[in-house]
$ cat model34.cif   # mmCIF, C-alpha atoms
data_input
loop_
_atom_site.label_atom_id
_atom_site.label_comp_id
_atom_site.auth_asym_id
_atom_site.auth_seq_id
_atom_site.Cartn_x
_atom_site.Cartn_y
_atom_site.Cartn_z
CA MET A 1 0.00 0.00 0.00
CA LYS A 2 2.84 2.38 0.88
CA LYS A 3 4.55 1.65 -2.44
CA ALA A 4 1.34 2.49 -4.35
CA ALA A 5 0.93 5.76 -2.45
CA ILE A 6 4.59 6.73 -3.08
CA PHE A 7 4.18 5.82 -6.77
CA ILE A 8 1.08 8.01 -7.08
CA ILE A 9 2.70 10.96 -5.28
CA CYS A 10 5.84 10.72 -7.44
CA ASN A 11 3.73 10.67 -10.61
CA ILE A 12 1.72 13.70 -9.48
CA ILE A 13 4.91 15.64 -8.76
CA LEU A 14 6.60 14.52 -11.96
CA PHE A 15 3.70 15.33 -14.30
CA SER A 16 2.62 18.55 -12.59
CA CYS A 17 6.04 20.08 -13.28
CA LYS A 18 5.95 19.23 -16.96
CA SER A 19 5.98 22.31 -19.18
CA ASP A 20 5.07 22.39 -22.84
CA LYS A 21 5.07 25.60 -24.88
CA GLY A 22 1.78 24.57 -26.43
CA ASP A 23 -0.10 24.27 -23.15
CA SER A 24 -2.67 26.73 -21.90
CA ALA A 25 -0.24 28.34 -19.45
CA SER A 26 1.75 29.77 -22.37
CA GLN A 27 -1.35 31.21 -24.06
CA THR A 28 -2.99 33.80 -21.85
CA GLY A 29 -5.10 36.82 -22.60
CA ILE A 30 -6.92 35.31 -25.58
CA ASN A 31 -8.23 38.12 -27.78
CA VAL A 32 -6.65 41.08 -26.04
CA ILE A 33 -8.00 43.51 -28.65
CA ILE A 34 -9.64 46.58 -27.07
CA PRO A 35 -13.24 45.73 -28.07
CA ASN A 36 -14.80 49.20 -28.38
CA ALA A 37 -11.89 50.85 -30.24
CA ILE A 38 -12.46 51.94 -33.84
CA VAL A 39 -9.34 53.07 -35.70
CA THR A 40 -9.56 55.54 -38.59
CA HIS A 41 -9.27 54.09 -42.11
CA PRO A 42 -7.10 56.27 -44.32
CA MET A 43 -6.56 55.40 -47.97
CA VAL A 44 -4.42 52.26 -48.20
CA THR A 45 -1.02 52.93 -49.79
CA ARG A 46 1.53 50.56 -51.30
CA GLU A 47 3.82 51.10 -48.31
CA MET A 48 1.00 50.17 -45.93
CA ARG A 49 0.28 46.97 -47.88
CA GLU A 50 3.90 45.82 -47.86
CA ARG A 51 4.54 46.03 -44.11
CA GLU A 52 3.33 44.53 -40.87
CA HIS A 53 2.67 47.41 -38.48
CA VAL A 54 3.50 47.58 -34.78
CA ILE A 55 3.03 51.21 -33.75
CA ARG A 56 4.15 51.95 -30.20
CA SER A 57 4.67 55.73 -30.26
CA ASP A 58 3.51 59.00 -31.82
CA THR A 59 6.65 59.14 -33.97
CA GLU A 60 5.86 55.71 -35.45
CA ASN A 61 2.26 56.79 -36.20
CA VAL A 62 3.20 58.21 -39.61
CA TYR A 63 -0.34 57.71 -40.94
CA GLN A 64 -1.76 59.92 -38.15
CA LEU A 65 -4.24 57.23 -37.17
CA GLN A 66 -6.80 58.10 -34.50
CA VAL A 67 -9.20 56.09 -32.36
CA SER A 68 -12.84 56.31 -31.32
CA PHE A 69 -14.26 54.75 -28.18
CA ASP A 70 -17.84 55.97 -28.85
CA GLU A 71 -18.83 53.98 -31.96
CA GLY A 72 -17.19 56.45 -34.34
CA LYS A 73 -18.95 59.62 -33.17
CA SER A 74 -15.65 61.32 -32.31
CA PHE A 75 -12.01 60.45 -32.88
CA GLN A 76 -8.95 61.34 -30.81
CA ASP A 77 -5.21 60.87 -30.95
CA ILE A 78 -4.04 57.46 -29.74
CA ASP A 79 -2.41 57.56 -26.31
CA PHE A 80 0.67 55.42 -26.95
CA SER A 81 1.56 55.46 -23.25
CA GLN A 82 -1.49 53.18 -22.80
CA TYR A 83 -1.92 51.46 -26.18
CA THR A 84 -0.13 49.80 -29.08
CA LEU A 85 -1.60 49.70 -32.59
CA LEU A 86 -1.24 46.62 -34.82
CA GLY A 87 -2.08 46.35 -38.50
CA LYS A 88 -1.60 44.08 -41.49
CA TYR A 89 -3.03 44.40 -44.98
CA THR A 90 -5.25 41.62 -46.29
CA SER A 91 -7.77 41.39 -49.08
CA GLY A 92 -10.44 39.01 -50.25
CA GLY A 93 -12.95 38.57 -53.01
CA GLY A 94 -16.46 37.36 -53.52
CA CYS A 95 -19.92 38.67 -52.68
CA LYS A 96 -19.01 39.19 -49.02
CA VAL A 97 -15.74 39.14 -47.06
CA ASN A 98 -15.38 38.88 -43.28
CA PHE A 99 -12.14 39.68 -41.48
CA GLU A 100 -11.92 37.90 -38.12
CA ARG A 101 -9.15 39.22 -35.86
CA ASN A 102 -7.66 37.76 -32.70
CA VAL A 103 -4.61 38.82 -30.70
CA SER A 104 -3.28 36.48 -28.02
CA LYS A 105 -0.34 36.81 -25.67
CA ASN A 106 2.34 34.14 -25.33
CA MET A 107 4.13 35.05 -22.11
CA LEU A 108 6.71 32.25 -22.34
CA ASP A 109 8.05 33.42 -25.71
CA LYS A 110 7.26 37.12 -25.09
CA GLN A 111 5.15 37.29 -28.22
CA MET A 112 1.83 38.67 -29.29
CA ILE A 113 0.22 36.55 -31.99
CA TYR A 114 -2.07 38.51 -34.28
CA SER A 115 -4.21 36.07 -36.27
CA ILE A 116 -6.42 37.26 -39.12
CA GLN A 117 -8.87 34.96 -40.84
CA VAL A 118 -10.21 36.17 -44.20
CA LYS A 119 -13.51 34.45 -44.95
CA GLN A 120 -14.72 34.90 -48.52
CA TYR A 121 -18.27 34.07 -49.62
CA GLY A 122 -19.83 33.72 -53.06
CA LEU A 123 -18.61 33.97 -56.63
CA CYS A 124 -19.02 37.73 -57.21
CA GLU A 125 -16.07 39.63 -58.69
CA MET A 126 -15.43 42.13 -55.93
CA LEU A 127 -12.22 42.98 -54.04
CA VAL A 128 -12.40 43.99 -50.39
CA GLU A 129 -9.31 45.35 -48.64
CA SER A 130 -8.55 45.86 -44.96
CA MET A 131 -5.57 47.08 -42.97
CA ASN A 132 -6.96 45.20 -39.95
CA TRP A 133 -5.97 47.94 -37.49
CA VAL A 134 -6.50 46.84 -33.88
CA LEU A 135 -5.71 48.55 -30.61
CA ILE A 136 -4.26 46.56 -27.70
CA SER A 137 -2.96 47.51 -24.27
CA LYS A 138 0.56 48.94 -24.28
CA LEU A 139 3.01 46.29 -25.47
CA SER A 140 6.41 46.35 -23.77
CA ASN A 141 9.43 46.68 -26.04
CA ASP A 142 10.70 43.19 -25.16
CA TYR A 143 7.66 41.60 -26.85
CA SER A 144 7.61 40.77 -30.55
CA VAL A 145 4.52 40.43 -32.73
CA VAL A 146 3.86 37.47 -35.01
CA PHE A 147 1.26 37.98 -37.75
CA THR A 148 -0.63 35.07 -39.29
CA VAL A 149 -3.25 35.14 -42.06
CA LYS A 150 -5.54 32.30 -43.08
CA GLU A 151 -7.97 32.48 -45.98
CA SER A 152 -11.06 30.42 -46.65
CA ARG A 153 -13.70 30.47 -49.37
CA GLU A 154 -17.30 29.29 -49.25
CA ASP A 155 -18.70 29.48 -52.77
CA ASN A 156 -22.14 28.10 -51.89
CA GLU A 157 -22.89 29.96 -48.66
CA LEU A 158 -23.48 33.63 -47.93
CA PRO A 159 -23.42 34.82 -44.31
CA PHE A 160 -26.39 37.18 -44.37
CA PRO A 161 -27.59 38.46 -40.99
#
$ encode --input "model34.cif" --output "C-alpha cells"
Amino acid sequence: MKKAAIFIICNIILFSCKSDKGDSASQTGINVIIPNAIVTHPMVTREMREREHVIRSDTENVYQLQVSFDEGKSFQDIDFSQYTLLGKYTSGGGCKVNFERNVSKNMLDKQMIYSIQVKQYGLCEMLVESMNWVLISKLSNDYSVVFTVKESREDNELPFP
C-alpha cells in the first residue's frame, strides 16, 4: 500500500512540473484587442500593404491614425503610453468578405500573436481590402509580434444576418 501511495505521489509531482510551450499556461489573454476601439481608415497605400505594423509611439504613427471609443462619433489621438496599434493588410474577393481578428499573448516566448482569418463568400467579382488595425494595451518593447493570415472560401454559402 505504501509503495502504491509513493508511486502516485511521485507521478503527481513529476507530471505537474511538466511544461510544454503549447499548453494553456503559455497562451494567456486570448483576444486582447480593445473591443470598443475603432481606428480611422485612411486610404491604403503601397507602403501600408507591404509592411506589418506595430506602432508603439507618436513618432511611429506616420499615418496619423486616430481612435474612437464611442462607436465612431468622435475620434482622438491614440495615447501610446497606454496602447499599441497593430495592422496588417489583407484582401479578399467574392460577394461578401469577413475579417476575423484575434490577438493572443504568449508570455513564455514574449510574443503577441495577431491572427487574421479572411472568410470569402460567393462567386461575385469584388475585391475587399482591410488594414486590420487593432488597438491593444501597451506592449512592452521586449515583446515581438507574429502575424498570421488564413484564408477560406465558401462558394455556396453567404453569411447574411
$ axis_aligned_box --input "model34.cif" --around "range 105-123 of chain A" --padding-each-side "3 Å" --output "lines of an AutoDock Vina configuration file"
center_x = -5.9
center_y = 35.5
center_z = -39.4
size_x = 33.9
size_y = 12.4
size_z = 40.5
$ resolve_selection --input "model34.cif" --expression "the PyMOL selection byres ((chain A and resi 125) around 8)" --output "VMD selection string"
chain A and resid 93 to 95 123 to 124 126 to 127
$ atom_distance --input "model34.cif" --atom1 "CA of Val39 in chain A" --atom2 "CA of Ser74 in chain A"
10.9 Å
$ atom_distance --input "model34.cif" --atom1 "CA of Val97 in chain A" --atom2 "CA of Tyr114 in chain A"
18.7 Å
$ atom_distance --input "model34.cif" --atom1 "CA of Phe147 in chain A" --atom2 "CA of Val128 in chain A"
19.6 Å
$ resolve_selection --input "model34.cif" --expression "the PyMOL selection byres ((chain A and resi 91) around 7)" --output "VMD selection string"
chain A and resid 89 to 90 92 127 to 130
$ closest_residue --input "model34.cif" --among "A:Asn132, A:Gly87, A:Glu151, A:Ser104" --to "Arg56 in chain A" --atoms "only C-alpha atoms"
A:Gly87
$ resolve_selection --input "model34.cif" --expression "the PyMOL selection byres ((chain A and resi 41) around 12)" --output "ChimeraX atom specification"
/A:38-40,42-45,48,63-68,72,75,87,89,129-134
$ closest_residue --input "model34.cif" --among "A:Ala37, A:Val118, A:Leu86, A:Val32" --to "Lys105 in chain A" --atoms "all atoms listed in the file"
A:Val32
$ closest_residue --input "model34.cif" --among "A:Asn31, A:Gln82, A:Asn36, A:Asn61" --to "Lys138 in chain A" --atoms "all atoms listed in the file"
A:Gln82
$ closest_residue --input "model34.cif" --among "A:Glu100, A:Glu154, A:Leu108, A:Val146" --to "Gly122 in chain A" --atoms "all atoms listed in the file"
A:Glu154
$ closest_residue --input "model34.cif" --among "A:Lys119, A:Lys73, A:Arg101, A:Lys96" --to "Ile34 in chain A" --atoms "all atoms listed in the file"
A:Arg101
$ closest_residue --input "model34.cif" --among "A:Val62, A:Leu85, A:Val103, A:Val149" --to "Leu135 in chain A" --atoms "all atoms listed in the file"
A:Leu85
